[in-house]
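Chemist: File input-v8.cif below, mmCIF, C-alpha atoms and all ligand atoms:
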data_my_file
#
loop_
_atom_site.label_atom_id
_atom_site.label_comp_id
_atom_site.auth_asym_id
_atom_site.auth_seq_id
_atom_site.Cartn_x
_atom_site.Cartn_y
_atom_site.Cartn_z
CA MET A 60 -3.19 28.32 -195.28
CA ASN A 61 -0.94 29.67 -192.55
CA ASP A 62 0.90 28.22 -189.54
CA SER A 63 -2.18 28.42 -187.37
CA SER A 64 -3.87 25.69 -189.42
CA LYS A 65 -1.59 23.17 -187.67
CA THR A 66 -3.61 23.39 -184.47
CA PRO A 67 -7.31 22.58 -184.67
CA VAL A 68 -9.98 25.22 -184.20
CA LEU A 69 -12.61 24.34 -181.60
CA VAL A 70 -16.13 25.27 -182.74
CA THR A 71 -18.86 25.03 -180.10
CA GLY A 72 -22.42 24.59 -181.34
CA ALA A 73 -21.04 22.95 -184.49
CA ALA A 74 -24.36 21.22 -185.25
CA GLY A 75 -26.11 24.60 -185.08
CA PHE A 76 -26.93 26.91 -187.95
CA ILE A 77 -23.89 29.19 -187.78
CA GLY A 78 -21.51 26.58 -186.31
CA HIS A 79 -22.18 24.19 -189.22
CA ALA A 80 -21.41 26.89 -191.80
CA VAL A 81 -18.30 28.16 -190.00
CA SER A 82 -16.91 24.63 -189.55
CA ALA A 83 -17.40 23.83 -193.24
CA ARG A 84 -15.63 27.02 -194.31
CA LEU A 85 -12.71 26.45 -191.93
CA ILE A 86 -12.19 23.00 -193.41
CA GLU A 87 -12.49 24.41 -196.92
CA ARG A 88 -9.56 26.70 -196.19
CA GLY A 89 -7.42 23.84 -194.93
CA GLU A 90 -7.93 23.87 -191.16
CA SER A 91 -8.82 21.04 -188.81
CA VAL A 92 -11.97 21.49 -186.74
CA ILE A 93 -13.11 19.91 -183.50
CA GLY A 94 -16.85 20.47 -183.26
CA ILE A 95 -18.81 20.08 -180.05
CA ASP A 96 -22.55 20.19 -179.47
CA ASN A 97 -25.01 18.62 -177.04
CA LEU A 98 -27.57 18.12 -179.85
CA ASN A 99 -30.44 19.32 -177.66
CA ASP A 100 -34.04 19.34 -178.89
CA TYR A 101 -34.78 23.08 -178.63
CA TYR A 102 -35.60 22.65 -182.33
CA ASP A 103 -35.78 19.59 -184.61
CA PRO A 104 -32.72 17.42 -183.76
CA ALA A 105 -33.02 15.81 -187.23
CA LEU A 106 -31.88 19.11 -188.74
CA LYS A 107 -28.87 19.19 -186.40
CA ALA A 108 -28.10 15.55 -187.31
CA ALA A 109 -28.28 16.38 -191.03
CA ARG A 110 -25.89 19.31 -190.59
CA LEU A 111 -23.57 17.01 -188.70
CA ASP A 112 -23.74 14.41 -191.48
CA ASN A 113 -22.48 17.10 -193.89
CA LEU A 114 -19.56 17.89 -191.62
CA ASN A 115 -18.70 14.30 -190.78
CA ALA A 116 -18.33 13.65 -194.50
CA LEU A 117 -15.45 16.15 -194.60
CA ASP A 118 -11.80 15.38 -193.86
CA ARG A 119 -10.37 16.99 -190.74
CA PHE A 120 -13.72 17.40 -188.95
CA TYR A 121 -13.93 15.67 -185.57
CA PHE A 122 -17.17 15.72 -183.61
CA VAL A 123 -17.49 15.27 -179.85
CA GLU A 124 -20.94 15.25 -178.26
CA MET A 125 -20.49 17.35 -175.14
CA ASP A 126 -22.35 19.83 -173.00
CA ILE A 127 -20.36 23.04 -172.67
CA SER A 128 -21.54 23.48 -169.10
CA ASP A 129 -19.23 20.54 -168.21
CA ALA A 130 -16.19 22.72 -167.55
CA ASP A 131 -13.77 19.86 -166.87
CA ASP A 132 -14.65 18.08 -170.13
CA VAL A 133 -14.25 21.27 -172.18
CA LYS A 134 -10.92 22.08 -170.54
CA ALA A 135 -9.58 18.54 -171.07
CA LEU A 136 -10.63 18.56 -174.73
CA VAL A 137 -8.85 21.87 -175.32
CA GLN A 138 -5.68 20.73 -173.57
CA GLU A 139 -5.50 17.27 -175.10
CA ASN A 140 -5.82 18.67 -178.62
CA GLY A 141 -3.57 21.72 -178.27
CA VAL A 142 -6.45 24.07 -179.18
CA GLN A 143 -5.30 27.69 -179.42
CA ARG A 144 -8.30 29.23 -181.19
CA ILE A 145 -11.96 28.84 -180.30
CA ILE A 146 -15.15 29.97 -182.03
CA HIS A 147 -17.77 29.70 -179.33
CA LEU A 148 -21.29 29.65 -180.77
CA ALA A 149 -23.16 27.14 -178.56
CA ALA A 150 -25.96 28.83 -176.66
CA GLN A 151 -29.60 28.64 -175.78
CA ALA A 152 -31.03 31.01 -178.38
CA GLY A 153 -34.47 32.50 -178.74
CA VAL A 154 -36.32 35.10 -176.76
CA ARG A 155 -39.75 33.55 -176.21
CA TYR A 156 -38.42 30.15 -175.05
CA SER A 157 -36.94 31.82 -171.95
CA ILE A 158 -40.38 32.56 -170.62
CA GLU A 159 -40.93 28.80 -170.02
CA ASN A 160 -37.31 27.61 -169.73
CA PRO A 161 -35.22 30.23 -167.95
CA PHE A 162 -32.68 27.79 -166.54
CA ALA A 163 -31.64 26.56 -169.98
CA TYR A 164 -30.15 30.04 -170.49
CA GLN A 165 -28.33 29.96 -167.20
CA LYS A 166 -26.78 26.56 -167.97
CA SER A 167 -25.82 26.97 -171.62
CA ASN A 168 -25.14 30.69 -171.81
CA LEU A 169 -23.72 31.64 -168.42
CA GLN A 170 -22.11 28.44 -167.15
CA GLY A 171 -21.23 27.40 -170.71
CA HIS A 172 -19.46 30.67 -171.44
CA LEU A 173 -17.54 30.41 -168.19
CA SER A 174 -16.39 26.90 -169.17
CA LEU A 175 -14.96 28.28 -172.41
CA LEU A 176 -13.25 31.13 -170.57
CA GLU A 177 -11.67 28.71 -168.10
CA ALA A 178 -10.57 26.35 -170.89
CA SER A 179 -9.00 29.26 -172.81
CA ARG A 180 -7.27 30.55 -169.72
CA HIS A 181 -5.55 27.23 -169.07
CA ALA A 182 -4.63 26.43 -172.69
CA ALA A 183 -0.95 26.63 -173.58
CA GLY A 184 -0.17 29.25 -176.25
CA PHE A 185 -3.80 30.28 -176.45
CA ARG A 186 -4.38 32.88 -179.16
CA HIS A 187 -8.00 33.91 -179.58
CA LEU A 188 -11.49 33.27 -178.26
CA VAL A 189 -14.21 34.51 -180.61
CA TYR A 190 -17.68 34.18 -179.13
CA ALA A 191 -21.27 34.96 -180.08
CA SER A 192 -23.07 37.81 -178.42
CA SER A 193 -26.25 39.30 -179.80
CA SER A 194 -27.77 42.53 -181.05
CA SER A 195 -30.45 41.98 -178.41
CA VAL A 196 -28.08 43.51 -175.83
CA TYR A 197 -28.85 46.92 -177.35
CA GLY A 198 -32.54 46.74 -176.51
CA ASP A 199 -34.78 48.89 -178.65
CA LYS A 200 -34.33 51.77 -181.04
CA PRO A 201 -36.99 53.50 -183.14
CA MET A 202 -37.06 52.72 -186.85
CA GLY A 203 -35.43 55.16 -189.23
CA GLY A 204 -32.60 56.21 -186.89
CA VAL A 205 -28.97 55.35 -187.40
CA GLY A 206 -27.75 51.81 -186.74
CA PHE A 207 -26.35 50.66 -183.43
CA THR A 208 -22.67 51.24 -182.82
CA GLU A 209 -20.59 49.36 -180.28
CA ASP A 210 -20.47 52.53 -178.17
CA ASP A 211 -24.25 52.71 -177.75
CA PRO A 212 -25.55 52.04 -174.23
CA VAL A 213 -26.57 48.44 -173.60
CA ASN A 214 -27.70 48.49 -170.02
CA GLU A 215 -31.38 47.62 -170.26
CA PRO A 216 -31.86 44.09 -171.58
CA VAL A 217 -35.50 43.40 -172.44
CA SER A 218 -35.22 39.60 -172.29
CA LEU A 219 -33.43 36.97 -170.21
CA TYR A 220 -31.62 35.90 -173.39
CA ALA A 221 -30.25 39.44 -173.81
CA ALA A 222 -29.30 39.56 -170.12
CA THR A 223 -27.27 36.36 -170.42
CA LYS A 224 -25.55 37.55 -173.61
CA ARG A 225 -24.61 40.83 -171.93
CA SER A 226 -23.37 38.88 -168.92
CA CYS A 227 -21.11 36.84 -171.22
CA GLU A 228 -19.58 40.07 -172.50
CA LEU A 229 -18.92 41.23 -168.94
CA MET A 230 -17.39 37.89 -167.92
CA SER A 231 -15.15 38.06 -170.97
CA GLN A 232 -14.12 41.60 -170.09
CA SER A 233 -13.01 40.50 -166.63
CA TYR A 234 -11.12 37.48 -167.98
CA ALA A 235 -9.30 39.58 -170.56
CA LYS A 236 -8.11 41.93 -167.85
CA LEU A 237 -7.23 39.18 -165.39
CA TYR A 238 -5.64 36.58 -167.62
CA GLY A 239 -4.73 38.41 -170.80
CA PHE A 240 -5.83 36.09 -173.59
CA PRO A 241 -7.32 37.95 -176.60
CA GLN A 242 -11.07 37.81 -177.10
CA THR A 243 -13.63 39.06 -179.58
CA GLY A 244 -17.36 39.17 -178.86
CA LEU A 245 -19.50 39.38 -181.98
CA ARG A 246 -22.93 40.97 -181.69
CA PHE A 247 -24.88 39.09 -184.34
CA PHE A 248 -27.92 40.63 -185.93
CA THR A 249 -30.58 38.31 -187.45
CA VAL A 250 -28.84 35.64 -189.52
CA TYR A 251 -30.72 33.68 -192.20
CA GLY A 252 -30.09 31.28 -195.04
CA PRO A 253 -29.91 27.59 -196.03
CA TRP A 254 -29.66 25.19 -193.05
CA GLY A 255 -31.17 27.97 -190.88
CA ARG A 256 -33.02 27.85 -187.60
CA PRO A 257 -36.64 26.66 -187.59
CA ASP A 258 -37.48 28.93 -184.64
CA MET A 259 -36.88 32.07 -186.70
CA ALA A 260 -39.72 33.94 -188.39
CA TYR A 261 -38.68 33.56 -192.04
CA PHE A 262 -38.30 29.79 -191.54
CA GLY A 263 -41.66 29.29 -189.84
CA PHE A 264 -43.39 31.50 -192.42
CA THR A 265 -42.01 29.36 -195.23
CA GLY A 266 -43.52 26.18 -193.80
CA LYS A 267 -46.88 27.84 -193.22
CA ILE A 268 -47.05 29.48 -196.64
CA LEU A 269 -46.22 26.20 -198.36
CA ALA A 270 -48.89 24.42 -196.28
CA GLY A 271 -51.45 27.08 -197.25
CA GLU A 272 -51.80 28.19 -193.61
CA PRO A 273 -52.01 31.83 -192.49
CA ILE A 274 -48.95 33.47 -190.94
CA GLU A 275 -49.07 35.54 -187.78
CA VAL A 276 -47.27 38.86 -188.14
CA TYR A 277 -46.26 40.22 -184.74
CA GLY A 278 -45.78 43.87 -183.89
CA GLU A 279 -48.28 44.63 -186.70
CA GLY A 280 -45.36 44.13 -189.12
CA LYS A 281 -43.69 47.33 -187.92
CA MET A 282 -40.49 45.61 -186.80
CA ALA A 283 -37.34 46.04 -188.86
CA ARG A 284 -34.38 43.69 -188.83
CA ASP A 285 -30.90 43.61 -190.19
CA PHE A 286 -31.06 40.29 -192.06
CA THR A 287 -27.57 38.94 -192.65
CA TYR A 288 -26.96 36.06 -195.05
CA ILE A 289 -25.09 33.11 -193.56
CA ASP A 290 -22.14 33.29 -196.01
CA ASP A 291 -21.58 36.96 -195.14
CA ILE A 292 -21.66 36.11 -191.44
CA VAL A 293 -19.05 33.39 -191.93
CA ASP A 294 -16.80 35.91 -193.75
CA GLY A 295 -17.08 38.22 -190.75
CA ILE A 296 -16.44 35.52 -188.13
CA LEU A 297 -13.32 34.24 -189.88
CA GLY A 298 -12.11 37.79 -190.52
CA ALA A 299 -12.42 38.49 -186.80
CA LEU A 300 -10.72 35.18 -185.89
CA ASP A 301 -7.75 36.03 -188.10
CA HIS A 302 -7.31 39.51 -186.57
CA PRO A 303 -7.06 38.99 -182.81
CA PRO A 304 -6.74 41.99 -180.55
CA GLU A 305 -3.61 42.60 -178.47
CA PRO A 306 -3.21 40.53 -175.28
CA HIS A 307 -5.34 41.85 -172.40
CA HIS A 308 -7.82 43.26 -174.89
CA HIS A 309 -11.41 42.22 -175.22
CA ARG A 310 -13.12 43.63 -178.25
CA ILE A 311 -16.81 43.74 -179.07
CA LEU A 312 -17.85 44.07 -182.71
CA ASN A 313 -21.17 44.34 -184.47
CA ILE A 314 -21.69 41.84 -187.26
CA GLY A 315 -24.73 42.43 -189.42
CA ASP A 316 -25.80 43.66 -192.81
CA SER A 317 -26.46 47.39 -192.12
CA ARG A 318 -29.43 47.47 -194.51
CA PRO A 319 -32.49 47.10 -192.26
CA VAL A 320 -35.59 45.54 -193.80
CA GLY A 321 -39.13 45.96 -192.48
CA LEU A 322 -40.95 42.74 -191.61
CA MET A 323 -43.55 43.31 -194.35
CA ASP A 324 -40.81 43.76 -196.97
CA MET A 325 -39.19 40.54 -195.78
CA ILE A 326 -42.52 38.74 -196.15
CA ARG A 327 -42.95 40.15 -199.68
CA ALA A 328 -39.47 38.91 -200.63
CA LEU A 329 -40.33 35.48 -199.22
CA GLU A 330 -43.63 35.40 -201.13
CA ASP A 331 -41.72 36.24 -204.32
CA ALA A 332 -39.15 33.50 -203.65
CA LEU A 333 -41.95 30.98 -203.05
CA GLY A 334 -44.23 32.27 -205.77
CA ILE A 335 -47.14 32.18 -203.28
CA GLU A 336 -48.97 35.02 -201.56
CA ALA A 337 -49.32 34.59 -197.79
CA GLU A 338 -52.51 35.05 -195.80
CA LYS A 339 -51.48 37.36 -192.93
CA ILE A 340 -52.93 37.74 -189.44
CA MET A 341 -51.66 40.88 -187.71
CA ARG A 342 -50.79 40.49 -184.01
CA PRO A 343 -49.47 42.88 -181.33
CA MET A 344 -45.89 42.89 -180.05
CA GLN A 345 -44.70 39.92 -177.94
CA PRO A 346 -42.84 40.26 -174.63
CA GLY A 347 -39.13 40.69 -175.24
CA ASP A 348 -39.43 41.67 -178.92
CA VAL A 349 -37.75 44.87 -180.04
CA THR A 350 -39.01 47.00 -182.91
CA SER A 351 -35.82 47.72 -184.78
CA THR A 352 -32.26 46.44 -184.68
CA TYR A 353 -29.59 47.03 -187.24
CA ALA A 354 -25.85 47.22 -187.20
CA ASP A 355 -23.24 49.81 -187.83
CA VAL A 356 -20.42 47.50 -188.96
CA SER A 357 -17.75 50.10 -189.68
CA ARG A 358 -15.40 48.71 -187.02
CA LEU A 359 -15.46 45.18 -188.34
CA HIS A 360 -15.08 46.58 -191.85
CA ALA A 361 -12.05 48.68 -190.88
CA LEU A 362 -10.46 45.68 -189.19
CA THR A 363 -11.11 42.94 -191.72
CA GLY A 364 -12.60 44.49 -194.87
CA TYR A 365 -15.94 42.87 -193.97
CA ALA A 366 -18.61 43.90 -196.46
CA PRO A 367 -21.83 41.88 -196.65
CA LYS A 368 -22.69 41.08 -200.24
CA VAL A 369 -25.93 39.13 -200.40
CA MET A 370 -29.22 41.05 -200.76
CA LEU A 371 -32.24 39.69 -198.87
CA GLU A 372 -34.15 38.86 -202.08
CA ASP A 373 -31.28 36.68 -203.32
CA GLY A 374 -30.56 35.12 -199.93
CA LEU A 375 -34.20 34.15 -199.44
CA LYS A 376 -34.21 32.51 -202.87
CA GLN A 377 -31.24 30.40 -201.75
CA PHE A 378 -33.06 29.57 -198.52
CA VAL A 379 -36.24 28.52 -200.34
CA ARG A 380 -34.24 26.36 -202.77
CA TRP A 381 -32.58 24.60 -199.82
CA TYR A 382 -35.90 24.26 -197.93
CA ARG A 383 -37.67 22.64 -200.89
CA ASP A 384 -34.79 20.25 -201.34
CA PHE A 385 -34.45 19.37 -197.65
CA TYR A 386 -38.12 19.01 -196.76
CA GLY A 387 -39.31 17.88 -200.17
CA ASN A 388 -41.51 20.98 -200.32
CA LEU A 389 -43.49 19.97 -197.24
CA PRO A 390 -43.27 21.85 -193.96
CA PRO A 391 -41.47 20.06 -191.09
CA THR A 392 -43.81 18.43 -188.57
N1 LIG A 401 -28.86 33.12 -185.80
C1 LIG A 401 -29.02 34.37 -185.38
O1 LIG A 401 -29.73 35.18 -186.00
C2 LIG A 401 -28.31 34.85 -184.13
C3 LIG A 401 -28.52 36.18 -183.72
C4 LIG A 401 -27.89 36.64 -182.57
C5 LIG A 401 -27.03 35.79 -181.87
N2 LIG A 401 -26.84 34.51 -182.28
C6 LIG A 401 -25.95 33.66 -181.49
O2 LIG A 401 -25.10 32.95 -182.35
C7 LIG A 401 -24.83 31.66 -181.84
C8 LIG A 401 -25.17 30.59 -182.85
O3 LIG A 401 -26.53 30.73 -183.20
P1 LIG A 401 -27.27 29.75 -184.19
O4 LIG A 401 -28.29 30.55 -184.91
O5 LIG A 401 -26.30 28.93 -184.93
O6 LIG A 401 -28.07 28.84 -183.13
P2 LIG A 401 -28.33 27.27 -183.08
O7 LIG A 401 -29.32 27.06 -181.99
O8 LIG A 401 -28.66 26.75 -184.44
O9 LIG A 401 -26.91 26.69 -182.66
C9 LIG A 401 -26.49 26.59 -181.33
C10 LIG A 401 -26.00 25.15 -181.11
O10 LIG A 401 -25.50 25.07 -179.79
C11 LIG A 401 -25.88 23.82 -179.24
N3 LIG A 401 -25.92 23.97 -177.78
C12 LIG A 401 -26.81 24.70 -177.04
N4 LIG A 401 -26.55 24.57 -175.75
C13 LIG A 401 -25.48 23.75 -175.65
C14 LIG A 401 -24.74 23.23 -174.56
N5 LIG A 401 -25.08 23.52 -173.30
N6 LIG A 401 -23.68 22.43 -174.82
C15 LIG A 401 -23.33 22.11 -176.10
N7 LIG A 401 -24.02 22.56 -177.17
C16 LIG A 401 -25.08 23.38 -176.95
C17 LIG A 401 -27.24 23.53 -179.83
O11 LIG A 401 -27.54 22.14 -179.85
C18 LIG A 401 -27.11 24.10 -181.24
O12 LIG A 401 -26.76 23.11 -182.18
C19 LIG A 401 -25.62 31.57 -180.54
O13 LIG A 401 -24.77 31.90 -179.47
C20 LIG A 401 -26.69 32.61 -180.70
O14 LIG A 401 -27.13 33.10 -179.46
C21 LIG A 401 -27.47 34.03 -183.40
#
What's the structure tokens form of this structure?

Modeler:
Amino acid sequence: MNDSSKTPVLVTGAAGFIGHAVSARLIERGESVIGIDNLNDYYDPALKAARLDNLNALDRFYFVEMDISDADDVKALVQENGVQRIIHLAAQAGVRYSIENPFAYQKSNLQGHLSLLEASRHAAGFRHLVYASSSSVYGDKPMGGVGFTEDDPVNEPVSLYAATKRSCELMSQSYAKLYGFPQTGLRFFTVYGPWGRPDMAYFGFTGKILAGEPIEVYGEGKMARDFTYIDDIVDGILGALDHPPEPHHHRILNIGDSRPVGLMDMIRALEDALGIEAEKIMRPMQPGDVTSTYADVSRLHALTGYAPKVMLEDGLKQFVRWYRDFYGNLPPT
């Protein structure tokens, strides 16, 4: 514990997959956490409520239901509680959802990010805003090449989600120059694990395999992803939080696993964890999907010692154990 633990950390999206895990770890290390979330129904709100139950059972966790696009509410909350550090994770995630619901991305990702920037700017003694970006800003890269570095070009987003995440980075860049408070944008690569997101492939596959239904494998299974276990991601987020850049600096860091796994290998590992072989239906690529994303994390490593530890096979076993416990072995409806 250090001095900074005397002021609470604000975590946005605290009922979400990553926000829940980050909040729990902050409390474990002796900090106070104010969590905000609008508990929207993009995916099963019962899962968000269950995550929140976990957090509400902990000392020093305070939840406020709030929409981050309400700039005045966010600013008042930050000021009234003397918040000096923020981990901003609330966002409208997903790529395919944007085809039907484009304005959800504008409200949560663009306006929401601006609310957090304004709140940080007006907070007394503000020290660090850490926010979630995404590997999707890189667009596509063929399999087998080297991983993405932060210096790679990012100027051709292939989805609205990616466009909003890149826009957040640019807004942050301008605020760092104009107002000087330190910021770190983290480009997350696919995160998985217990309490994960039902809209992600490994999660949906698990429900289908357990129900004896076939799974649809998009991109003919040729996609590769950098699957990062939730505990490793939390290590990286807190490492970044504890090492703010100099004032007037905005830093963007990759946060991933650096060991890309092909979709078919991921499915094999999941089948092993479940002890069931899946029936697979091969499908072509979907709009907005990219074939391969994985991270070069040497900058985050140099800065914080970040080194992901959990192998996909082990992480998926943990996920399956949680899933069976949470859903009683039945897929969610
Ligand atoms: N999980 C991944 O693999 C991954 C990959 C790349 C980037 N990210 C980014 O990391 C962050 C966290 O992702 P996650 O996987 O935990 O997602 P999540 O959807 O589980 O969590 C996001 C939370 O934010 C809340 N939220 C959304 N809009 C809000 C609003 N307007 N006001 C208040 N709360 C709002 C949601 O209710 C949800 O609980 C997101 O910014 C996401 O874009 C995640």

Chemist: Record the distance separating CA of Ile77 (chain A) and atom P1 of ligand LIG 401 (chain A), expressed in Å with one decimal.

Modeler: 5.0 Å

Chemist: Between atom O8 of ligand LIG 401 (chain A) and CA of Ser91 (chain A), what is the distance in Å, rounded to a tenth?

Modeler: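 Between atom O8 of ligand LIG 401 (chain A) and CA of Ser91 (chain A) the gap is 21.1 Å.
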
Chemist: Which residues, written as a ChimeraX atom specification, have at least one atom at most 8 Å from region 257-260 of chain A, with all atoms listed in the file counted and residues fewer than 6 positions away on the same chain left out?

Modeler: /A:102-103,153

Chemist: If the limit is 6 Å from any atom of ligand LIG 401 (chain A), counting only C-alpha atoms and all ligand atoms, which residues qualify? Return them as a list in words.

Modeler: Gly72, Ala74, Gly75, Phe76, Ile77, Gly78, Asp96, Asn97, Leu98, Asn99, Met125, Asp126, Ile127, Ser128, Leu148, Ala149, Ala150, Gln151, Ala152, Ser167, Ala191, Ser192, Ser193, Phe247, Phe248, Thr249, Val250 and Arg256 of chain A

Chemist: For Gly244 (chain A), work out the shell of residues within 7 Å, counting all atoms listed in the file and skipping chain neighbours fewer than 3 positions away, then give it as a list in words.

Modeler: Val189, Tyr190, Ala191, Ser192, Glu228, Arg310, Ile311 and Leu312 of chain A

Chemist: Which residue gives the smallest distance to Asn313 (chain A) among A:Arg186, A:Arg155, A:Lys368, A:Arg358, with all atoms listed in the file counted?

Modeler: A:Arg358

Chemist: Point out the residue among A:Ile296, A:Val276, A:Leu269, A:Ala73 with the least atom-to-atom distance to Leu188 (chain A), counting all atoms listed in the file.

Modeler: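 Closest to Leu188 (chain A) of all the choices is A:Ile296.
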
Chemist: Go ahead and compute the interatomic distance for CA of Val320 (chain A) and CA of Asp291 (chain A), in Å to one decimal.

Modeler: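 We find that CA of Val320 (chain A) and CA of Asp291 (chain A) lie 16.5 Å from each other.
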
Chemist: Tell me which protein, DNA and RNA residues are within 12 Å of Phe262 (chain A), counting all atoms listed in the file, leaving out same-chain ones fewer than 2 positions away, and put them as JSON, numbers by chain.

Modeler: {"A": [102, 250, 251, 252, 253, 254, 255, 256, 257, 258, 259, 260, 264, 265, 266, 267, 268, 269, 274, 325, 326, 329, 375, 378, 379, 381, 382, 383, 386, 390, 391]}

Chemist: Need the shell around Phe162 (chain A): protein/DNA/RNA residues with any atom at most 10 Å away, counting all atoms listed in the file. Skip same-chain ones fewer than 6 positions apart. Format as a list in words?

Modeler: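 Using all atoms listed in the file, the neighbours found are Gln151, Asn168, Leu169 and Leu219 of chain A.
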
Chemist: Nearest residue to Leu371 (chain A) out of A:Pro319, A:Pro343, A:Gly280, A:Pro241, using only C-alpha atoms?

Modeler: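 Residue with the minimum atom-to-atom distance to Leu371 (chain A): A:Pro319.
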
Chemist: Find, counting all atoms listed in the file, the residue in A:Lys65, A:Arg318, A:Lys281, A:His302 that gets nearest to Asn140 (chain A).

Modeler: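 Looking at the shortest contact to Asn140 (chain A), the residue is A:Lys65.
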
Chemist: Rank nothing, just name the residue among A:His308, A:Arg110, A:Arg246, A:Lys224 nearest to Ala83 (chain A), using all atoms listed in the file.

Modeler: A:Arg110

Chemist: May I ask which of the residues A:Val81, A:Asp294, A:Val196, A:Glu177 is the closest one to Arg225 (chain A), counting all atoms listed in the file?

Modeler: A:Val196

Chemist: So that I can see what lies close to Lys376 (chain A), please list as a list in words the residues with an atom at most 8 Å from it, counting only C-alpha atoms and leaving out residues fewer than 3 positions away in the same chain.

Modeler: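 Contacts, in chain order: Leu329, Ala332, Leu333, Glu372, Asp373, Val379 and Arg380 of chain A.
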